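> Please read through the structure below; I'll follow up with questions.
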Amino acid sequence: MRDNQPLKARNEFALRWRAYPESVYLTRSLVTEACEAWGLMQHDYVGRTIMSELATNAVVHAVQGHEIQAWVTLLAGAVEFRVWDPSHAPPVVVDENSDAESGRGLMMVRLLASGGCGYRYTNGTPGKIVWARLTL
């Protein structure tokens, strides 16, 4: 007997990859896959930008080749982007008046993340999760 109920899209997409700069594109594809499944393609570009910056930051601060994880989660009224890396160093947002030639990615995430952003340490394991939310 066939169930005529529509299939419910899963509310989380996840990915594990190795910390190499050329692998960041995988996280952008993860965002597109999630946005397509949820019918939220109007948020794909901003979501890909947020995730790309979070993933790039993780790659820069992780030991090359170390495992990194990413999640895109549909919440009530928001999409959350999370990236785990094994470093305990907190993310640093460069001051907007700084003359630094790099490090502006998290400042951009802060501007785009209409639902907030931050980080937390993981319980009992090394590393941290950096997250950002896009309000729907």
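In the structure tokens, chains take the letters A, B, ... in the order shown, each chain's residues start at 1, and ligands count up from 1 in the order shown.
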DSSP on the backbone: which residues in chain A end up as alpha helix (DSSP H)? Give the answer as an mmCIF file with all heavy atoms, in the first residue's frame.

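Final file, result.cif:
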```
data_model
loop_
_atom_site.group_PDB
_atom_site.id
_atom_site.type_symbol
_atom_site.label_atom_id
_atom_site.label_comp_id
_atom_site.auth_asym_id
_atom_site.auth_seq_id
_atom_site.Cartn_x
_atom_site.Cartn_y
_atom_site.Cartn_z
ATOM 1 N N TYR A 25 34.173 24.723 -1.316
ATOM 2 C CA TYR A 25 33.036 24.720 -2.243
ATOM 3 C C TYR A 25 31.992 23.670 -1.856
ATOM 4 O O TYR A 25 30.802 23.835 -2.133
ATOM 5 C CB TYR A 25 33.492 24.489 -3.686
ATOM 6 C CG TYR A 25 33.738 23.037 -4.013
ATOM 7 C CD1 TYR A 25 32.724 22.259 -4.570
ATOM 8 C CD2 TYR A 25 34.957 22.431 -3.747
ATOM 9 C CE1 TYR A 25 32.935 20.915 -4.848
ATOM 10 C CE2 TYR A 25 35.173 21.104 -4.019
ATOM 11 C CZ TYR A 25 34.158 20.346 -4.572
ATOM 12 O OH TYR A 25 34.364 19.021 -4.842
ATOM 13 N N LEU A 26 32.424 22.601 -1.183
ATOM 14 C CA LEU A 26 31.495 21.554 -0.781
ATOM 15 C C LEU A 26 30.418 22.098 0.153
ATOM 16 O O LEU A 26 29.268 21.678 0.097
ATOM 17 C CB LEU A 26 32.240 20.408 -0.090
ATOM 18 C CG LEU A 26 33.229 19.631 -0.954
ATOM 19 C CD1 LEU A 26 34.088 18.721 -0.086
ATOM 20 C CD2 LEU A 26 32.498 18.836 -2.018
ATOM 21 N N THR A 27 30.786 23.047 1.001
ATOM 22 C CA THR A 27 29.808 23.610 1.938
ATOM 23 C C THR A 27 28.797 24.486 1.214
ATOM 24 O O THR A 27 27.637 24.547 1.616
ATOM 25 C CB THR A 27 30.492 24.408 3.058
ATOM 26 O OG1 THR A 27 31.164 25.533 2.514
ATOM 27 C CG2 THR A 27 31.452 23.536 3.834
ATOM 28 N N ARG A 28 29.235 25.159 0.159
ATOM 29 C CA ARG A 28 28.283 25.964 -0.623
ATOM 30 C C ARG A 28 27.270 25.053 -1.305
ATOM 31 O O ARG A 28 26.076 25.361 -1.360
ATOM 32 C CB ARG A 28 29.032 26.827 -1.633
ATOM 33 C CG ARG A 28 29.855 27.915 -0.973
ATOM 34 C CD ARG A 28 30.427 28.902 -1.961
ATOM 35 N NE ARG A 28 31.401 28.338 -2.878
ATOM 36 C CZ ARG A 28 32.710 28.277 -2.655
ATOM 37 N NH1 ARG A 28 33.218 28.742 -1.521
ATOM 38 N NH2 ARG A 28 33.527 27.774 -3.558
ATOM 39 N N SER A 29 27.737 23.914 -1.793
ATOM 40 C CA SER A 29 26.825 22.942 -2.412
ATOM 41 C C SER A 29 25.835 22.387 -1.390
ATOM 42 O O SER A 29 24.678 22.136 -1.713
ATOM 43 C CB SER A 29 27.624 21.793 -3.036
ATOM 44 O OG SER A 29 28.458 22.272 -4.055
ATOM 45 N N LEU A 30 26.285 22.212 -0.158
ATOM 46 C CA LEU A 30 25.414 21.733 0.917
ATOM 47 C C LEU A 30 24.263 22.718 1.146
ATOM 48 O O LEU A 30 23.106 22.321 1.299
ATOM 49 C CB LEU A 30 26.224 21.555 2.202
ATOM 50 C CG LEU A 30 25.483 21.005 3.411
ATOM 51 C CD1 LEU A 30 25.142 19.532 3.212
ATOM 52 C CD2 LEU A 30 26.336 21.191 4.662
ATOM 53 N N VAL A 31 24.563 24.011 1.141
ATOM 54 C CA VAL A 31 23.539 25.038 1.332
ATOM 55 C C VAL A 31 22.532 24.995 0.192
ATOM 56 O O VAL A 31 21.319 25.035 0.418
ATOM 57 C CB VAL A 31 24.168 26.443 1.451
ATOM 58 C CG1 VAL A 31 23.093 27.530 1.437
ATOM 59 C CG2 VAL A 31 25.014 26.536 2.716
ATOM 60 N N THR A 32 23.009 24.881 -1.041
ATOM 61 C CA THR A 32 22.105 24.821 -2.185
ATOM 62 C C THR A 32 21.209 23.593 -2.110
ATOM 63 O O THR A 32 20.003 23.678 -2.361
ATOM 64 C CB THR A 32 22.893 24.833 -3.513
ATOM 65 O OG1 THR A 32 23.593 26.080 -3.598
ATOM 66 C CG2 THR A 32 21.981 24.683 -4.708
ATOM 67 N N GLU A 33 21.770 22.452 -1.730
ATOM 68 C CA GLU A 33 20.978 21.230 -1.592
ATOM 69 C C GLU A 33 19.854 21.431 -0.564
ATOM 70 O O GLU A 33 18.710 21.060 -0.796
ATOM 71 C CB GLU A 33 21.884 20.075 -1.169
ATOM 72 C CG GLU A 33 21.169 18.755 -1.026
ATOM 73 C CD GLU A 33 22.087 17.633 -0.559
ATOM 74 O OE1 GLU A 33 23.298 17.852 -0.373
ATOM 75 O OE2 GLU A 33 21.572 16.507 -0.366
ATOM 76 N N ALA A 34 20.188 22.040 0.566
ATOM 77 C CA ALA A 34 19.194 22.277 1.616
ATOM 78 C C ALA A 34 18.137 23.272 1.151
ATOM 79 O O ALA A 34 16.929 23.031 1.314
ATOM 80 C CB ALA A 34 19.877 22.783 2.881
ATOM 81 N N CYS A 35 18.561 24.373 0.558
ATOM 82 C CA CYS A 35 17.611 25.392 0.103
ATOM 83 C C CYS A 35 16.666 24.830 -0.966
ATOM 84 O O CYS A 35 15.466 25.146 -0.961
ATOM 85 C CB CYS A 35 18.345 26.620 -0.429
ATOM 86 S SG CYS A 35 19.061 27.648 0.877
ATOM 87 N N GLU A 36 17.179 24.009 -1.864
ATOM 88 C CA GLU A 36 16.317 23.382 -2.873
ATOM 89 C C GLU A 36 15.290 22.467 -2.205
ATOM 90 O O GLU A 36 14.112 22.496 -2.546
ATOM 91 C CB GLU A 36 17.157 22.583 -3.874
ATOM 92 C CG GLU A 36 17.864 23.446 -4.881
ATOM 93 C CD GLU A 36 18.741 22.640 -5.832
ATOM 94 O OE1 GLU A 36 18.973 21.423 -5.597
ATOM 95 O OE2 GLU A 36 19.208 23.234 -6.816
ATOM 96 N N ALA A 37 15.731 21.663 -1.244
ATOM 97 C CA ALA A 37 14.832 20.719 -0.574
ATOM 98 C C ALA A 37 13.734 21.441 0.195
ATOM 99 O O ALA A 37 12.607 20.945 0.294
ATOM 100 C CB ALA A 37 15.631 19.810 0.369
ATOM 101 N N TRP A 38 14.056 22.600 0.751
ATOM 102 C CA TRP A 38 13.103 23.336 1.575
ATOM 103 C C TRP A 38 12.318 24.395 0.817
ATOM 104 O O TRP A 38 11.505 25.103 1.410
ATOM 105 C CB TRP A 38 13.834 23.994 2.744
ATOM 106 C CG TRP A 38 14.541 23.027 3.644
ATOM 107 C CD1 TRP A 38 14.177 21.734 3.928
ATOM 108 C CD2 TRP A 38 15.743 23.265 4.375
ATOM 109 N NE1 TRP A 38 15.076 21.164 4.784
ATOM 110 C CE2 TRP A 38 16.048 22.073 5.085
ATOM 111 C CE3 TRP A 38 16.588 24.362 4.508
ATOM 112 C CZ2 TRP A 38 17.166 21.967 5.903
ATOM 113 C CZ3 TRP A 38 17.696 24.257 5.328
ATOM 114 C CH2 TRP A 38 17.981 23.069 6.016
ATOM 115 N N ASP A 44 19.442 31.191 -0.988
ATOM 116 C CA ASP A 44 20.627 30.413 -1.340
ATOM 117 C C ASP A 44 21.893 31.267 -1.395
ATOM 118 O O ASP A 44 22.913 30.896 -0.808
ATOM 119 C CB ASP A 44 20.408 29.699 -2.679
ATOM 120 C CG ASP A 44 21.586 28.840 -3.084
ATOM 121 O OD1 ASP A 44 21.952 27.931 -2.313
ATOM 122 O OD2 ASP A 44 22.143 29.076 -4.180
ATOM 123 N N TYR A 45 21.855 32.394 -2.049
ATOM 124 C CA TYR A 45 23.072 33.200 -2.232
ATOM 125 C C TYR A 45 23.624 33.682 -0.888
ATOM 126 O O TYR A 45 24.816 33.523 -0.602
ATOM 127 C CB TYR A 45 22.821 34.386 -3.164
ATOM 128 C CG TYR A 45 24.061 35.209 -3.381
ATOM 129 C CD1 TYR A 45 25.054 34.770 -4.246
ATOM 130 C CD2 TYR A 45 24.264 36.396 -2.688
ATOM 131 C CE1 TYR A 45 26.215 35.503 -4.436
ATOM 132 C CE2 TYR A 45 25.420 37.136 -2.858
ATOM 133 C CZ TYR A 45 26.389 36.685 -3.737
ATOM 134 O OH TYR A 45 27.537 37.411 -3.904
ATOM 135 N N VAL A 46 22.761 34.251 -0.062
ATOM 136 C CA VAL A 46 23.224 34.733 1.251
ATOM 137 C C VAL A 46 23.676 33.553 2.111
ATOM 138 O O VAL A 46 24.703 33.631 2.778
ATOM 139 C CB VAL A 46 22.127 35.564 1.952
ATOM 140 C CG1 VAL A 46 22.534 35.905 3.382
ATOM 141 C CG2 VAL A 46 21.845 36.835 1.168
ATOM 142 N N GLY A 47 22.931 32.464 2.067
ATOM 143 C CA GLY A 47 23.316 31.278 2.820
ATOM 144 C C GLY A 47 24.661 30.725 2.386
ATOM 145 O O GLY A 47 25.495 30.344 3.221
ATOM 146 N N ARG A 48 24.889 30.678 1.079
ATOM 147 C CA ARG A 48 26.178 30.189 0.560
ATOM 148 C C ARG A 48 27.315 31.115 0.989
ATOM 149 O O ARG A 48 28.409 30.656 1.313
ATOM 150 C CB ARG A 48 26.126 30.083 -0.956
ATOM 151 C CG ARG A 48 25.275 28.932 -1.456
ATOM 152 C CD ARG A 48 24.972 29.039 -2.955
ATOM 153 N NE ARG A 48 26.169 29.054 -3.782
ATOM 154 C CZ ARG A 48 26.668 27.985 -4.387
ATOM 155 N NH1 ARG A 48 26.056 26.819 -4.263
ATOM 156 N NH2 ARG A 48 27.738 28.079 -5.129
ATOM 157 N N THR A 49 27.053 32.409 1.005
ATOM 158 C CA THR A 49 28.077 33.370 1.421
ATOM 159 C C THR A 49 28.421 33.185 2.890
ATOM 160 O O THR A 49 29.597 33.131 3.270
ATOM 161 C CB THR A 49 27.599 34.813 1.157
ATOM 162 O OG1 THR A 49 27.292 34.944 -0.240
ATOM 163 C CG2 THR A 49 28.658 35.828 1.545
ATOM 164 N N ILE A 50 27.403 33.062 3.734
ATOM 165 C CA ILE A 50 27.630 32.846 5.168
ATOM 166 C C ILE A 50 28.413 31.559 5.392
ATOM 167 O O ILE A 50 29.433 31.544 6.090
ATOM 168 C CB ILE A 50 26.288 32.808 5.936
ATOM 169 C CG1 ILE A 50 25.666 34.208 5.987
ATOM 170 C CG2 ILE A 50 26.484 32.245 7.351
ATOM 171 C CD1 ILE A 50 24.252 34.232 6.530
ATOM 172 N N MET A 51 27.943 30.464 4.804
ATOM 173 C CA MET A 51 28.592 29.166 5.018
ATOM 174 C C MET A 51 30.021 29.169 4.489
ATOM 175 O O MET A 51 30.927 28.620 5.123
ATOM 176 C CB MET A 51 27.785 28.051 4.371
ATOM 177 C CG MET A 51 28.386 26.666 4.593
ATOM 178 S SD MET A 51 28.502 26.182 6.334
ATOM 179 C CE MET A 51 26.919 25.395 6.540
ATOM 180 N N SER A 52 30.237 29.796 3.356
ATOM 181 C CA SER A 52 31.573 29.855 2.788
ATOM 182 C C SER A 52 32.544 30.572 3.718
ATOM 183 O O SER A 52 33.688 30.137 3.911
ATOM 184 C CB SER A 52 31.525 30.560 1.432
ATOM 185 O OG SER A 52 32.790 30.578 0.837
ATOM 186 N N GLU A 53 32.089 31.656 4.319
ATOM 187 C CA GLU A 53 32.954 32.395 5.244
ATOM 188 C C GLU A 53 33.229 31.597 6.514
ATOM 189 O O GLU A 53 34.358 31.571 7.001
ATOM 190 C CB GLU A 53 32.340 33.755 5.584
ATOM 191 C CG GLU A 53 32.298 34.718 4.415
ATOM 192 C CD GLU A 53 33.665 35.032 3.817
ATOM 193 O OE1 GLU A 53 34.691 34.970 4.545
ATOM 194 O OE2 GLU A 53 33.720 35.334 2.624
ATOM 195 N N LEU A 54 32.197 30.937 7.059
ATOM 196 C CA LEU A 54 32.407 30.109 8.249
ATOM 197 C C LEU A 54 33.376 28.965 7.944
ATOM 198 O O LEU A 54 34.268 28.657 8.743
ATOM 199 C CB LEU A 54 31.077 29.549 8.759
ATOM 200 C CG LEU A 54 30.034 30.552 9.269
ATOM 201 C CD1 LEU A 54 28.777 29.811 9.715
ATOM 202 C CD2 LEU A 54 30.591 31.412 10.385
ATOM 203 N N ALA A 55 33.187 28.320 6.804
ATOM 204 C CA ALA A 55 34.045 27.188 6.426
ATOM 205 C C ALA A 55 35.473 27.638 6.145
ATOM 206 O O ALA A 55 36.435 26.975 6.558
ATOM 207 C CB ALA A 55 33.458 26.472 5.213
ATOM 208 N N THR A 56 35.625 28.760 5.466
ATOM 209 C CA THR A 56 36.967 29.274 5.178
ATOM 210 C C THR A 56 37.696 29.590 6.475
ATOM 211 O O THR A 56 38.875 29.266 6.640
ATOM 212 C CB THR A 56 36.886 30.523 4.286
ATOM 213 O OG1 THR A 56 36.295 30.150 3.035
ATOM 214 C CG2 THR A 56 38.253 31.121 4.036
ATOM 215 N N ASN A 57 37.001 30.200 7.419
ATOM 216 C CA ASN A 57 37.599 30.508 8.711
ATOM 217 C C ASN A 57 38.041 29.224 9.421
ATOM 218 O O ASN A 57 39.125 29.164 9.998
ATOM 219 C CB ASN A 57 36.597 31.288 9.566
ATOM 220 C CG ASN A 57 37.261 32.007 10.703
ATOM 221 O OD1 ASN A 57 38.214 32.748 10.501
ATOM 222 N ND2 ASN A 57 36.764 31.788 11.902
ATOM 223 N N ALA A 58 37.215 28.189 9.358
ATOM 224 C CA ALA A 58 37.578 26.914 9.980
ATOM 225 C C ALA A 58 38.812 26.308 9.323
ATOM 226 O O ALA A 58 39.706 25.808 10.011
ATOM 227 C CB ALA A 58 36.400 25.940 9.895
ATOM 228 N N VAL A 59 38.873 26.364 8.010
ATOM 229 C CA VAL A 59 40.023 25.810 7.285
ATOM 230 C C VAL A 59 41.296 26.564 7.646
ATOM 231 O O VAL A 59 42.343 25.967 7.871
ATOM 232 C CB VAL A 59 39.773 25.844 5.758
ATOM 233 C CG1 VAL A 59 41.046 25.604 4.982
ATOM 234 C CG2 VAL A 59 38.710 24.825 5.375
ATOM 235 N N VAL A 60 41.198 27.882 7.754
ATOM 236 C CA VAL A 60 42.373 28.699 8.073
ATOM 237 C C VAL A 60 42.911 28.372 9.459
ATOM 238 O O VAL A 60 44.116 28.354 9.686
ATOM 239 C CB VAL A 60 42.021 30.205 7.965
ATOM 240 C CG1 VAL A 60 43.086 31.081 8.595
ATOM 241 C CG2 VAL A 60 41.807 30.584 6.510
ATOM 242 N N HIS A 61 42.020 28.068 10.407
ATOM 243 C CA HIS A 61 42.449 27.872 11.788
ATOM 244 C C HIS A 61 42.616 26.410 12.192
ATOM 245 O O HIS A 61 43.054 26.140 13.311
ATOM 246 C CB HIS A 61 41.489 28.591 12.730
ATOM 247 C CG HIS A 61 41.532 30.069 12.522
ATOM 248 N ND1 HIS A 61 42.593 30.836 12.921
ATOM 249 C CD2 HIS A 61 40.676 30.904 11.899
ATOM 250 C CE1 HIS A 61 42.381 32.085 12.573
ATOM 251 N NE2 HIS A 61 41.226 32.163 11.954
ATOM 252 N N GLY A 105 35.875 38.266 6.877
ATOM 253 C CA GLY A 105 34.799 37.317 6.613
ATOM 254 C C GLY A 105 33.774 37.244 7.725
ATOM 255 O O GLY A 105 32.572 37.245 7.474
ATOM 256 N N LEU A 106 34.225 37.189 8.975
ATOM 257 C CA LEU A 106 33.286 37.101 10.087
ATOM 258 C C LEU A 106 32.523 38.406 10.292
ATOM 259 O O LEU A 106 31.383 38.397 10.745
ATOM 260 C CB LEU A 106 33.995 36.677 11.366
ATOM 261 C CG LEU A 106 34.489 35.234 11.377
ATOM 262 C CD1 LEU A 106 35.248 34.934 12.664
ATOM 263 C CD2 LEU A 106 33.345 34.256 11.186
ATOM 264 N N MET A 107 33.128 39.530 9.918
ATOM 265 C CA MET A 107 32.407 40.797 9.968
ATOM 266 C C MET A 107 31.253 40.762 8.956
ATOM 267 O O MET A 107 30.142 41.197 9.244
ATOM 268 C CB MET A 107 33.344 41.966 9.669
ATOM 269 C CG MET A 107 32.663 43.321 9.788
ATOM 270 S SD MET A 107 33.783 44.735 9.633
ATOM 271 C CE MET A 107 34.568 44.437 8.066
ATOM 272 N N MET A 108 31.529 40.199 7.788
ATOM 273 C CA MET A 108 30.494 40.064 6.769
ATOM 274 C C MET A 108 29.392 39.115 7.248
ATOM 275 O O MET A 108 28.204 39.383 7.061
ATOM 276 C CB MET A 108 31.102 39.561 5.455
ATOM 277 C CG MET A 108 30.126 39.560 4.324
ATOM 278 S SD MET A 108 30.871 39.351 2.696
ATOM 279 C CE MET A 108 31.859 37.917 2.896
ATOM 280 N N VAL A 109 29.776 38.008 7.887
ATOM 281 C CA VAL A 109 28.784 37.074 8.430
ATOM 282 C C VAL A 109 27.896 37.795 9.435
ATOM 283 O O VAL A 109 26.676 37.651 9.415
ATOM 284 C CB VAL A 109 29.466 35.843 9.075
ATOM 285 C CG1 VAL A 109 28.479 35.039 9.899
ATOM 286 C CG2 VAL A 109 30.110 34.969 8.010
ATOM 287 N N ARG A 110 28.502 38.579 10.294
ATOM 288 C CA ARG A 110 27.735 39.318 11.298
ATOM 289 C C ARG A 110 26.700 40.232 10.634
ATOM 290 O O ARG A 110 25.581 40.366 11.117
ATOM 291 C CB ARG A 110 28.674 40.133 12.168
ATOM 292 C CG ARG A 110 27.937 40.861 13.294
ATOM 293 C CD ARG A 110 28.839 41.749 14.087
ATOM 294 N NE ARG A 110 29.647 40.960 14.992
ATOM 295 C CZ ARG A 110 30.678 41.445 15.674
ATOM 296 N NH1 ARG A 110 31.017 42.703 15.555
ATOM 297 N NH2 ARG A 110 31.361 40.675 16.488
ATOM 298 N N LEU A 111 27.055 40.843 9.532
ATOM 299 C CA LEU A 111 26.135 41.734 8.820
ATOM 300 C C LEU A 111 25.018 40.965 8.113
ATOM 301 O O LEU A 111 23.881 41.435 8.049
ATOM 302 C CB LEU A 111 26.900 42.586 7.801
ATOM 303 C CG LEU A 111 27.870 43.606 8.395
ATOM 304 C CD1 LEU A 111 28.724 44.221 7.296
ATOM 305 C CD2 LEU A 111 27.127 44.670 9.166
ATOM 306 N N LEU A 112 25.330 39.790 7.593
ATOM 307 C CA LEU A 112 24.349 39.002 6.837
ATOM 308 C C LEU A 112 23.441 38.149 7.724
ATOM 309 O O LEU A 112 22.318 37.841 7.340
ATOM 310 C CB LEU A 112 25.064 38.093 5.832
ATOM 311 C CG LEU A 112 25.789 38.777 4.686
ATOM 312 C CD1 LEU A 112 26.591 37.761 3.891
ATOM 313 C CD2 LEU A 112 24.812 39.524 3.796
#
```
> Report the residues of chain A whose backbone DSSP state falls under strand (DSSP E), written as a ChimeraX atom specification.
/A:12-18,67-75,78-85,117-121,128-135
> State, in Å with one decimal place, the distance from atom CA of A:Ala78 to atom CA of A:Asn11.
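Atom-to-atom, atom CA of A:Ala78 and atom CA of A:Asn11 are spaced 11.3 Å apart.
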